[in-house]
Structure formats: structure tokens, C-alpha cells
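Enquirer: What follows is model10.cif, made up of mmCIF, C-alpha atoms:
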data_my_file
loop_
_atom_site.label_atom_id
_atom_site.label_comp_id
_atom_site.auth_asym_id
_atom_site.auth_seq_id
_atom_site.Cartn_x
_atom_site.Cartn_y
_atom_site.Cartn_z
CA MET A 1 323.86 12.72 -49.94
CA ARG A 2 324.23 11.49 -46.37
CA GLY A 3 323.69 13.57 -43.24
CA VAL A 4 323.69 13.23 -39.45
CA VAL A 5 320.40 13.57 -37.55
CA PHE A 6 319.96 13.61 -33.78
CA LEU A 7 317.31 11.24 -32.44
CA GLY A 8 317.55 12.17 -28.75
CA ASP A 9 318.59 10.09 -25.76
CA ARG A 10 322.19 10.18 -27.08
CA LYS A 11 321.26 8.47 -30.32
CA LEU A 12 321.90 9.61 -33.87
CA GLU A 13 321.75 8.23 -37.40
CA VAL A 14 323.41 8.90 -40.72
CA ARG A 15 320.55 9.10 -43.21
CA GLU A 16 320.17 9.51 -46.95
CA PHE A 17 318.86 12.85 -48.25
CA SER A 18 318.36 14.26 -51.73
CA ASP A 19 321.10 16.59 -52.88
CA PRO A 20 319.81 20.16 -52.47
CA THR A 21 319.07 22.44 -55.43
CA PRO A 22 319.33 26.21 -54.92
CA GLY A 23 316.23 28.34 -55.47
CA PRO A 24 316.12 32.09 -56.13
CA GLY A 25 318.63 33.92 -53.94
CA GLU A 26 320.08 30.65 -52.62
CA VAL A 27 323.37 28.81 -52.88
CA VAL A 28 324.55 25.27 -52.20
CA ILE A 29 327.76 24.84 -50.23
CA ALA A 30 329.91 21.76 -50.71
CA ILE A 31 330.89 21.20 -47.09
CA LYS A 32 334.58 20.71 -46.39
CA ALA A 33 334.43 20.94 -42.58
CA SER A 34 331.56 21.00 -40.09
CA GLY A 35 332.33 21.66 -36.44
CA MET A 36 330.85 20.07 -33.34
CA CYS A 37 329.57 22.64 -30.84
CA GLY A 38 328.64 22.29 -27.18
CA SER A 39 325.10 23.40 -27.98
CA ASP A 40 324.78 20.31 -30.22
CA LEU A 41 324.71 18.29 -27.02
CA HIS A 42 321.28 19.69 -26.11
CA PRO A 43 319.40 17.96 -28.98
CA TYR A 44 321.80 14.99 -28.80
CA ARG A 45 320.91 14.43 -25.13
CA ALA A 46 317.26 15.52 -25.33
CA SER A 47 314.46 13.15 -24.41
CA ARG A 48 312.59 11.65 -27.34
CA THR A 49 309.32 12.04 -25.45
CA GLY A 50 307.57 14.61 -23.32
CA ALA A 51 306.82 18.31 -23.62
CA GLY A 52 309.17 20.20 -25.86
CA ALA A 53 310.69 17.08 -27.40
CA ALA A 54 310.00 18.21 -30.96
CA ALA A 55 311.60 21.60 -30.44
CA SER A 56 314.58 20.10 -28.61
CA LEU A 57 315.25 17.69 -31.46
CA GLY A 58 314.78 20.24 -34.23
CA LEU A 59 311.72 18.52 -35.67
CA GLY A 60 309.90 20.38 -38.39
CA GLY A 61 306.21 20.24 -39.22
CA SER A 62 306.68 16.83 -40.82
CA GLY A 63 308.10 15.45 -37.59
CA GLU A 64 311.34 14.52 -39.33
CA PRO A 65 314.70 15.54 -37.78
CA VAL A 66 316.85 18.03 -39.65
CA ILE A 67 320.49 17.52 -40.55
CA ALA A 68 322.64 18.64 -37.62
CA GLY A 69 325.65 20.93 -37.61
CA HIS A 70 325.66 24.72 -37.34
CA GLU A 71 329.37 25.32 -37.96
CA PRO A 72 329.65 24.74 -41.73
CA CYS A 73 332.51 25.76 -43.97
CA GLY A 74 333.23 24.88 -47.59
CA VAL A 75 333.04 26.07 -51.18
CA VAL A 76 330.12 27.33 -53.25
CA ALA A 77 328.97 24.42 -55.41
CA ALA A 78 325.92 25.97 -57.11
CA VAL A 79 324.02 29.27 -57.17
CA GLY A 80 320.34 29.89 -57.73
CA PRO A 81 318.59 32.45 -59.93
CA GLY A 82 319.35 36.05 -59.04
CA VAL A 83 322.65 35.33 -57.29
CA THR A 84 325.32 37.38 -59.03
CA GLU A 85 329.07 36.82 -58.89
CA THR A 86 329.43 39.86 -56.64
CA VAL A 87 327.38 37.94 -54.04
CA ALA A 88 328.66 34.38 -54.53
CA ARG A 89 330.53 32.50 -57.22
CA VAL A 90 331.06 28.79 -57.75
CA GLY A 91 334.33 27.61 -56.20
CA GLU A 92 334.52 30.44 -53.64
CA ARG A 93 335.72 29.47 -50.15
CA VAL A 94 333.02 30.48 -47.66
CA MET A 95 331.79 30.42 -44.10
CA ASN A 96 328.11 30.60 -43.20
CA HIS A 97 326.28 32.80 -40.68
CA HIS A 98 323.94 30.04 -39.63
CA TYR A 99 320.74 32.07 -39.13
CA LYS A 100 317.98 33.31 -41.40
CA GLY A 101 315.52 36.03 -40.39
CA CYS A 102 313.00 38.12 -42.27
CA GLY A 103 315.76 40.12 -43.96
CA ARG A 104 313.92 43.42 -43.50
CA CYS A 105 313.83 44.31 -39.81
CA LYS A 106 316.37 46.48 -37.99
CA HIS A 107 318.22 43.44 -36.65
CA CYS A 108 318.47 41.57 -39.96
CA ARG A 109 319.65 44.69 -41.79
CA VAL A 110 322.71 45.03 -39.53
CA GLY A 111 323.65 41.34 -39.60
CA TRP A 112 321.93 40.21 -36.40
CA SER A 113 319.32 37.95 -38.06
CA GLN A 114 319.21 35.67 -35.00
CA LEU A 115 317.48 38.54 -33.16
CA CYS A 116 314.70 38.84 -35.77
CA ARG A 117 311.28 39.01 -34.10
CA GLU A 118 309.51 37.62 -37.17
CA GLY A 119 310.96 34.18 -36.50
CA ILE A 120 314.27 32.64 -37.44
CA THR A 121 315.74 29.52 -38.98
CA VAL A 122 318.82 28.18 -37.23
CA TYR A 123 320.67 25.96 -39.66
CA GLY A 124 321.59 22.68 -38.01
CA VAL A 125 318.75 23.07 -35.50
CA THR A 126 315.52 24.02 -37.30
CA GLY A 127 316.89 23.89 -40.85
CA HIS A 128 319.25 21.41 -42.51
CA GLY A 129 322.82 22.03 -41.35
CA GLY A 130 326.40 21.20 -42.20
CA HIS A 131 326.86 17.58 -41.05
CA ALA A 132 326.37 16.47 -44.67
CA GLN A 133 328.08 16.74 -48.01
CA TYR A 134 325.97 19.70 -49.14
CA MET A 135 323.98 22.50 -47.49
CA LYS A 136 321.52 24.97 -49.04
CA VAL A 137 321.42 28.50 -47.56
CA PRO A 138 320.46 32.05 -48.56
CA ALA A 139 323.32 33.73 -50.41
CA SER A 140 323.05 36.60 -47.91
CA THR A 141 324.36 34.32 -45.12
CA LEU A 142 327.71 33.67 -46.83
CA LEU A 143 330.99 35.19 -45.70
CA PRO A 144 334.32 34.79 -47.50
CA LEU A 145 336.83 32.52 -45.76
CA PRO A 146 340.23 34.24 -45.52
CA ASP A 147 342.86 32.44 -47.57
CA GLU A 148 345.05 32.16 -44.47
CA LEU A 149 342.50 29.97 -42.63
CA SER A 150 341.77 26.29 -43.22
CA PHE A 151 338.23 25.03 -43.69
CA GLU A 152 338.43 23.51 -40.21
CA GLU A 153 339.38 26.86 -38.69
CA GLY A 154 336.58 28.51 -40.66
CA ALA A 155 334.13 26.02 -39.17
CA ALA A 156 335.33 26.94 -35.66
CA VAL A 157 334.87 30.65 -36.38
CA SER A 158 331.34 29.92 -37.61
CA CYS A 159 330.09 29.44 -34.05
CA GLY A 160 332.29 28.56 -31.06
CA THR A 161 335.31 30.75 -31.74
CA GLY A 162 333.17 33.53 -33.17
CA THR A 163 331.01 33.42 -30.04
CA ALA A 164 334.09 33.88 -27.86
CA HIS A 165 335.25 36.80 -30.00
CA GLY A 166 331.82 38.43 -29.78
CA ALA A 167 331.78 38.15 -25.99
CA LEU A 168 335.31 39.50 -25.59
CA THR A 169 334.43 42.40 -27.86
CA ARG A 170 331.41 43.22 -25.68
CA LEU A 171 333.65 43.01 -22.60
CA ASP A 172 336.11 45.40 -24.31
CA VAL A 173 339.04 43.20 -23.25
CA SER A 174 342.51 44.73 -23.62
CA GLY A 175 346.00 44.71 -22.21
CA ARG A 176 344.71 46.56 -19.15
CA ASP A 177 342.83 43.48 -18.01
CA THR A 178 343.29 40.26 -16.16
CA LEU A 179 340.62 38.03 -17.69
CA ALA A 180 339.17 34.94 -15.98
CA VAL A 181 337.69 32.37 -18.39
CA PHE A 182 335.39 29.89 -16.66
CA GLY A 183 335.17 26.66 -18.66
CA GLN A 184 337.65 25.47 -21.26
CA GLY A 185 335.45 23.77 -23.78
CA PRO A 186 335.77 24.94 -27.39
CA VAL A 187 334.25 28.38 -26.62
CA GLY A 188 336.31 28.87 -23.46
CA LEU A 189 339.51 27.73 -25.14
CA SER A 190 338.80 30.17 -27.94
CA ALA A 191 338.27 32.93 -25.36
CA THR A 192 341.62 32.04 -23.81
CA LEU A 193 343.40 32.20 -27.18
CA LEU A 194 341.70 35.42 -28.30
CA GLY A 195 341.88 37.13 -24.91
CA ALA A 196 345.62 36.57 -24.74
CA ALA A 197 345.98 37.93 -28.28
CA MET A 198 344.03 41.02 -27.23
CA GLY A 199 346.69 41.61 -24.60
CA ALA A 200 344.94 40.39 -21.47
CA ARG A 201 346.52 38.26 -18.78
CA VAL A 202 344.31 35.15 -18.94
CA ILE A 203 343.46 32.84 -16.06
CA ALA A 204 341.66 29.72 -17.31
CA LEU A 205 339.48 27.51 -15.10
CA ASP A 206 338.27 23.98 -15.85
CA VAL A 207 337.79 20.70 -14.01
CA VAL A 208 339.39 18.61 -16.81
CA ALA A 209 343.18 18.31 -16.80
CA GLU A 210 343.43 17.85 -20.58
CA ARG A 211 341.55 21.07 -21.19
CA ARG A 212 343.64 22.99 -18.67
CA GLN A 213 346.78 21.82 -20.47
CA LEU A 214 345.36 22.90 -23.81
CA ALA A 215 344.49 26.29 -22.30
CA LYS A 216 348.14 26.73 -21.32
CA GLU A 217 349.20 25.94 -24.88
CA LEU A 218 346.73 28.51 -26.21
CA GLY A 219 348.02 31.34 -24.04
CA ALA A 220 346.67 31.06 -20.49
CA ASP A 221 349.03 32.60 -17.97
CA VAL A 222 347.57 30.52 -15.11
CA VAL A 223 345.21 27.54 -15.06
CA LEU A 224 343.04 26.55 -12.09
CA ASP A 225 340.95 23.51 -11.16
CA PRO A 226 337.84 24.89 -9.38
CA ARG A 227 337.40 21.58 -7.58
CA GLU A 228 340.75 21.95 -5.86
CA VAL A 229 340.65 25.66 -4.99
CA ASP A 230 338.04 28.25 -4.16
CA PRO A 231 338.01 30.04 -7.53
CA VAL A 232 337.03 33.42 -6.08
CA ALA A 233 339.73 33.31 -3.41
CA ALA A 234 342.32 32.03 -5.90
CA LEU A 235 341.56 34.76 -8.42
CA ARG A 236 341.78 37.43 -5.74
CA GLU A 237 345.09 36.04 -4.54
CA LEU A 238 346.41 36.19 -8.11
CA THR A 239 345.37 39.85 -8.36
CA HIS A 240 346.81 41.15 -5.06
CA GLY A 241 343.48 40.85 -3.29
CA GLN A 242 341.64 43.01 -5.82
CA GLY A 243 339.86 40.65 -8.23
CA VAL A 244 340.03 40.41 -12.01
CA GLU A 245 338.91 43.22 -14.27
CA ALA A 246 336.89 40.95 -16.54
CA ALA A 247 335.38 37.46 -16.40
CA ILE A 248 333.52 35.32 -18.91
CA ASP A 249 331.47 32.25 -18.10
CA CYS A 250 331.37 29.65 -20.86
CA THR A 251 329.84 26.85 -18.78
CA GLY A 252 326.25 27.80 -18.01
CA HIS A 253 326.80 26.29 -14.55
CA PRO A 254 325.34 28.33 -11.67
CA ASP A 255 328.44 27.94 -9.49
CA ALA A 256 330.73 29.19 -12.25
CA ARG A 257 328.44 32.11 -13.05
CA ARG A 258 328.28 33.14 -9.41
CA ALA A 259 332.04 32.83 -9.03
CA ALA A 260 332.61 34.91 -12.16
CA VAL A 261 330.57 37.75 -10.67
CA ARG A 262 332.17 37.54 -7.24
CA ALA A 263 335.72 37.27 -8.60
CA VAL A 264 335.75 40.61 -10.41
CA ASP A 265 337.15 43.79 -8.90
CA THR A 266 335.07 46.87 -8.15
CA TRP A 267 333.90 48.23 -11.53
CA GLY A 268 334.49 44.75 -12.97
CA ARG A 269 332.79 43.39 -16.10
CA VAL A 270 331.22 39.94 -16.45
CA CYS A 271 329.83 38.24 -19.56
CA PHE A 272 327.61 35.15 -19.58
CA VAL A 273 327.99 33.00 -22.71
CA GLY A 274 327.11 29.46 -21.62
CA GLU A 275 323.57 28.47 -22.59
CA GLY A 276 320.81 27.37 -20.23
CA GLY A 277 320.57 27.11 -16.47
CA GLN A 278 320.04 29.72 -13.79
CA VAL A 279 322.06 31.64 -11.23
CA THR A 280 321.16 33.29 -7.94
CA LEU A 281 323.05 36.41 -6.85
CA ASP A 282 322.91 38.59 -3.77
CA VAL A 283 322.30 41.86 -5.60
CA SER A 284 323.68 44.37 -3.12
CA PRO A 285 327.09 42.84 -2.28
CA ASP A 286 327.56 41.04 -5.59
CA LEU A 287 326.56 43.86 -7.91
CA LEU A 288 325.37 47.22 -6.57
CA ARG A 289 327.99 47.98 -3.98
CA ARG A 290 330.84 47.03 -6.29
CA GLN A 291 329.49 48.75 -9.43
CA VAL A 292 329.69 45.46 -11.37
CA THR A 293 328.48 45.27 -14.97
CA VAL A 294 326.92 41.96 -16.03
CA MET A 295 326.10 41.34 -19.67
CA ALA A 296 325.18 38.45 -21.94
CA SER A 297 326.42 37.66 -25.43
CA TRP A 298 324.72 35.36 -27.94
CA THR A 299 326.98 34.40 -30.84
CA PHE A 300 327.78 37.29 -33.25
CA SER A 301 326.63 39.28 -36.26
CA THR A 302 327.79 38.71 -39.83
CA VAL A 303 330.16 41.64 -39.37
CA GLY A 304 331.42 40.11 -36.12
CA GLN A 305 332.05 36.74 -37.76
CA TRP A 306 334.15 38.35 -40.47
CA ALA A 307 336.01 40.46 -37.87
CA CYS A 308 336.84 37.32 -35.88
CA ALA A 309 338.18 35.51 -38.96
CA ARG A 310 340.34 38.48 -39.93
CA PHE A 311 341.60 38.93 -36.35
CA ILE A 312 342.84 35.33 -36.32
CA ALA A 313 344.26 35.42 -39.83
CA ASP A 314 346.04 38.76 -39.48
CA ARG A 315 347.68 37.75 -36.20
CA LYS A 316 348.45 34.21 -37.34
CA LEU A 317 346.87 32.78 -34.19
CA PRO A 318 347.26 29.00 -33.74
CA LEU A 319 343.54 28.23 -33.85
CA GLY A 320 344.34 24.84 -35.33
CA LYS A 321 345.53 23.69 -31.89
CA LEU A 322 341.93 23.94 -30.73
CA LEU A 323 340.93 21.22 -33.20
CA THR A 324 341.93 18.03 -31.43
CA HIS A 325 339.70 15.46 -33.17
CA ARG A 326 338.68 14.93 -36.81
CA PHE A 327 336.03 12.51 -38.01
CA SER A 328 334.29 11.28 -41.13
CA ILE A 329 330.49 11.18 -41.29
CA ASP A 330 330.67 7.40 -40.85
CA GLN A 331 332.25 7.98 -37.44
CA ALA A 332 329.44 10.27 -36.22
CA GLU A 333 328.26 7.97 -33.44
CA ALA A 334 331.76 7.57 -31.98
CA ALA A 335 332.43 11.27 -32.48
CA TYR A 336 329.48 12.41 -30.39
CA THR A 337 330.01 9.70 -27.79
CA LEU A 338 333.50 11.15 -27.24
CA PHE A 339 332.39 14.80 -27.47
CA ASP A 340 329.68 14.08 -24.88
CA THR A 341 332.41 13.38 -22.28
CA GLN A 342 333.38 17.09 -22.50
CA THR A 343 337.06 16.28 -22.05
CA THR A 344 338.36 17.18 -25.50
CA GLY A 345 339.15 20.22 -27.57
CA LYS A 346 337.05 20.84 -30.66
CA GLY A 347 335.88 18.02 -32.90
CA VAL A 348 335.14 18.50 -36.59
CA PHE A 349 333.76 16.42 -39.45
CA VAL A 350 335.91 16.68 -42.56
CA PHE A 351 334.88 15.94 -46.14
#
Spit out the file's structure as C-alpha cells when you get a sec.
Expert:
Amino acid sequence: MRGVVFLGDRKLEVREFSDPTPGPGEVVIAIKASGMCGSDLHPYRASRTGAGAAASLGLGGSGEPVIAGHEPCGVVAAVGPGVTETVARVGERVMNHHYKGCGRCKHCRVGWSQLCREGITVYGVTGHGGHAQYMKVPASTLLPLPDELSFEEGAAVSCGTGTAHGALTRLDVSGRDTLAVFGQGPVGLSATLLGAAMGARVIALDVVAERRQLAKELGADVVLDPREVDPVAALRELTHGQGVEAAIDCTGHPDARRAAVRAVDTWGRVCFVGEGGQVTLDVSPDLLRRQVTVMASWTFSTVGQWACARFIADRKLPLGKLLTHRFSIDQAEAAYTLFDTQTTGKGVFVF
């Protein structure tokens, strides 16, 4: 089979790999769709040299890059010894929770294997991922794909959209809230779509006009360009001088994070989702004296991934609008060159 590997310095290759064979407790997924995620840009852009290069590029002990892609979706193609039909059956439509932990600790047992302290495999980063025709994973990481969702939508749920749902769940967003969503990449756009479906009035912020337009189509009540307005002042003006009840930062940018905190009302809630970077806050006026709650949310559990998929399917949400670009594996170089501009909706490889 052929799979995409990141080489660093914005280079990638499509290489030949042996088709995987499932071992005990494992399955092979025939990939139908594999999403492109903003976190893919970290190994794509990473330096090929210097401290931390191996870890940034997902190099294993052999020094060889792994197949990229941590948003896989497809059908079960083969099952290994010990995998019964109650766990997985050939031909079943599935998503994948793209982490593997020890399977025994308190985090793994409740579906949060990415929090395992014994060490984890992140498929598409430290283990072979979904940017290929086939992918081998533990059967325990599979989740059924609702019949109402396409493979492409299932791929989105498998990281970006599921991450947004997990953060909004932690924020306890409802119809009582005005929600500010900083950044309208795939995660932010998903937060806009899901937040509106949860009943919130959504204000979406992004510097890219195309993404602001897409946010409007996905349910944003108001869109703002933070380069043209002071986002804190604008959000307060839109809330009668009070500030929003909830804010989520999907950018990882220090200015956006700071604005998210300062734009919430007294007793407001803020969730950081964007990876990397730092932020400096003035603790007393920004947090203490306004009783602000700041939290972080890293992806989702297996239960959370299933809940996100069912939420979208049951409400017939137009998640497909998020998927603006589709590519074949042969177009991988052009796909990531475009995705690197961070001006699009979600891109996905289809098989």
C-alpha cells in the first residue's frame, strides 16, 4: 500500500509500505476517508535537524517516519485472533479513537487512553495513521460510524470536530450563553456549528474572510475580524457592555487567548483548545476579581467521540459544509501546501 509521511521543512512523500496484517486483538481498517488536522502542520513544518526533530517528525526507534493522519474512518477489512463479532466484524463502518494506552489504568478504562501515564501511541504521529489505504489498530479503539454520517464526516469527528464537541461539553454551553469562538479553522468552525446547535448565540472571530463566511453558513450570529476591531471591546459592545458567558480559543495564539479571557463576563468560562504557545495574564483583574473559570480540553474520550457523532447525526447538522477540499493520496503535496495557508475549511483524503 501507499502512505503519506512527513519529512519536515514542509516536505512530504508518498511511500510504499507492506499491507498490515492484524495480530491478536487487532483489526485492519480499509480507509475510506482520512482528515487533515491543524496539528498535522506541526510535523509538516518541523525542522529536519536539531533537538527534538525525531519527536516532532514522529520518528520511531528505526528513525523512519510513520504514516501520517490521525482522523481515519473506513470499514473493517480484517480481524485478528481473539476479536469476536461483538467487538468488530468485517465490513463494519467504523471510526477510530486514535490513541493506545496500557489498557489497564484508570484513564484507559474510562476511554481516556491519551492520558495514560504508562506511555501512549498516537496513530498518525508515533504509530502508522490513516493517510494510507489500510491502517492496523487495536480493536478496542474502534467506534461504530452512525449510518447517517458519511465517511468524510466520520473522519472529521475523529479529531477536529470531536475536539470542539469535547471542549463545548466541558464549557457546559447552552441556550443561556453567548459563545465567542476565537479562530475558525476546522476545530473553530466545528465549535461554531455545534455551539449554535446547543442553543448558544455564537460570535466567530477569524482574520480570514473565507473562514468568516463559512462560519456564517455554519450558524454564527456575528463574525468579527480581530485585525479590524478590538475583539474585547467588540464582544462587550455586542453583549450590552457585559461580556460573553463563554469563550473558546482554537488558535493557540497568545493574543487570542488573552482576549478570550478578557472578553468574558463576570463568572465567565473560558476553554483553551489550540495547541502550543504561551499566554500572559494579569491574574487579579483578568481572573480573580471577575471569578473567571479557565480550563483546557484535549480531544475527547471514546465515549465523547461517540456522543459527538450521535449529536450530529440525530440533529442532522450540516457537517459536510465544513469539508471544503477533497484529495487523493497522489495529491498529498498540493493538499498540504494549500492546508498550510490556513485559509480553507477542512481537507480530507478520500479512497
Enquirer: Could you please give me, as a PyMOL selection string, the residues of protein, DNA or RNA lying at most 10 Å from (346.7, 29.5, -40.5) in the coordinate frame of the file, considering all atoms listed in the file?
Expert: chain A and resi 146-150+153+312-320
Enquirer: For this file, the PyMOL selection byres ((chain A and resi 181) around 6) selects which residues, as a PyMOL selection string?
Expert: chain A and resi 180+182+204+247-248
Enquirer: Residues near Asp19 of chain A, anyone? I mean within 12 Å using all atoms listed in the file, not counting same-chain ones fewer than 4 positions away, as a list in words.
Expert: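 Here the qualifying residues turn out to be Met1, Arg2, Gly3, Val28, Ile29, Ala30, Ala77, Ala78, His128, Ala132, Gln133, Tyr134, Met135 and Lys136 of chain A.
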Enquirer: Given all atoms listed in the file as the basis, pick out the residue of A:Asp9, A:Asp249, A:Asp177, A:Glu228 nearest to His42 of chain A.
Expert: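 Nearest to His42 of chain A: A:Asp9.
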Enquirer: Report as a PyMOL selection string the residues that result from applying the PyMOL selection byres ((chain A and resi 298) around 8) to the structure here.
Expert: chain A and resi 163+166-167+273+296-297+299-300
Enquirer: Report as an MDAnalysis selection string all protein, DNA and RNA residues lying within 10 Å of Asp330 of chain A, evaluated on only C-alpha atoms, omitting residues in the same chain fewer than 3 positions from it.
Expert: chainID A and resid 2:4 13:14 327 333:335 349
Enquirer: With all atoms listed in the file as the basis for distance, which of A:Leu322, A:Val83, A:Val292, A:Leu168 is at the shortest distance from Ala215 of chain A?
Expert: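 Using all atoms listed in the file, Ala215 of chain A sits closest to A:Leu322.
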Enquirer: Could you check how far atom CA of Glu64 of chain A sits from atom CA of Ser47 of chain A, in Å to one decimal?
Expert: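 Distance between the two atoms: 15.3 Å.
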Enquirer: In Å, how far is it from atom CA of Leu281 of chain A to atom CA of Gly195 of chain A?
Expert: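 One can read the atom CA of Leu281 of chain A to atom CA of Gly195 of chain A distance as 26.1 Å.
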Enquirer: Name the residues in contact with Val125 of chain A at a cut-off of 12 Å, using all atoms listed in the file, excluding same-chain residues fewer than 2 positions from it; report them as a ChimeraX atom specification.
Expert: /A:4-6,37,39-44,54-60,64-71,98-100,120-123,127-131
Enquirer: For Leu193 of chain A, work out the shell of residues within 7 Å, counting all atoms listed in the file and skipping chain neighbours fewer than 3 positions away, then give it as a list in words.
Expert: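 Counting only the stated atoms, we get Leu189, Ser190, Ala196, Ala197, Leu218 and Gly219 of chain A.
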Enquirer: Nearest residue to Leu323 of chain A out of A:Lys346, A:Arg310, A:Lys216, A:Arg109, using all atoms listed in the file?
Expert: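 Checking each of A:Lys346, A:Arg310, A:Lys216, A:Arg109 against Leu323 of chain A, counting all atoms listed in the file, the winner is A:Lys346.
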Enquirer: As an exercise, work out the distance from atom CA of Gly35 of chain A to atom CA of Gly188 of chain A in Å and give it to one decimal place.
Expert: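 Distance between the two atoms: 15.4 Å.
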Enquirer: Can you tell me, as a PDB file with C-alpha atoms, in the coordinates of the input, what residues are no more than 8 Å from Met295 of chain A when counting all atoms listed in the file, ignoring any on the same chain fewer than 4 positions away?
Expert:
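out-v1.pdb written:
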ATOM      1  CA  ARG A 269     332.790  43.390 -16.100  1.00  0.00           C
ATOM      2  CA  VAL A 270     331.220  39.940 -16.450  1.00  0.00           C
ATOM      3  CA  CYS A 271     329.830  38.240 -19.560  1.00  0.00           C
ATOM      4  CA  PHE A 272     327.610  35.150 -19.580  1.00  0.00           C
TER       5      PHE A 272
END
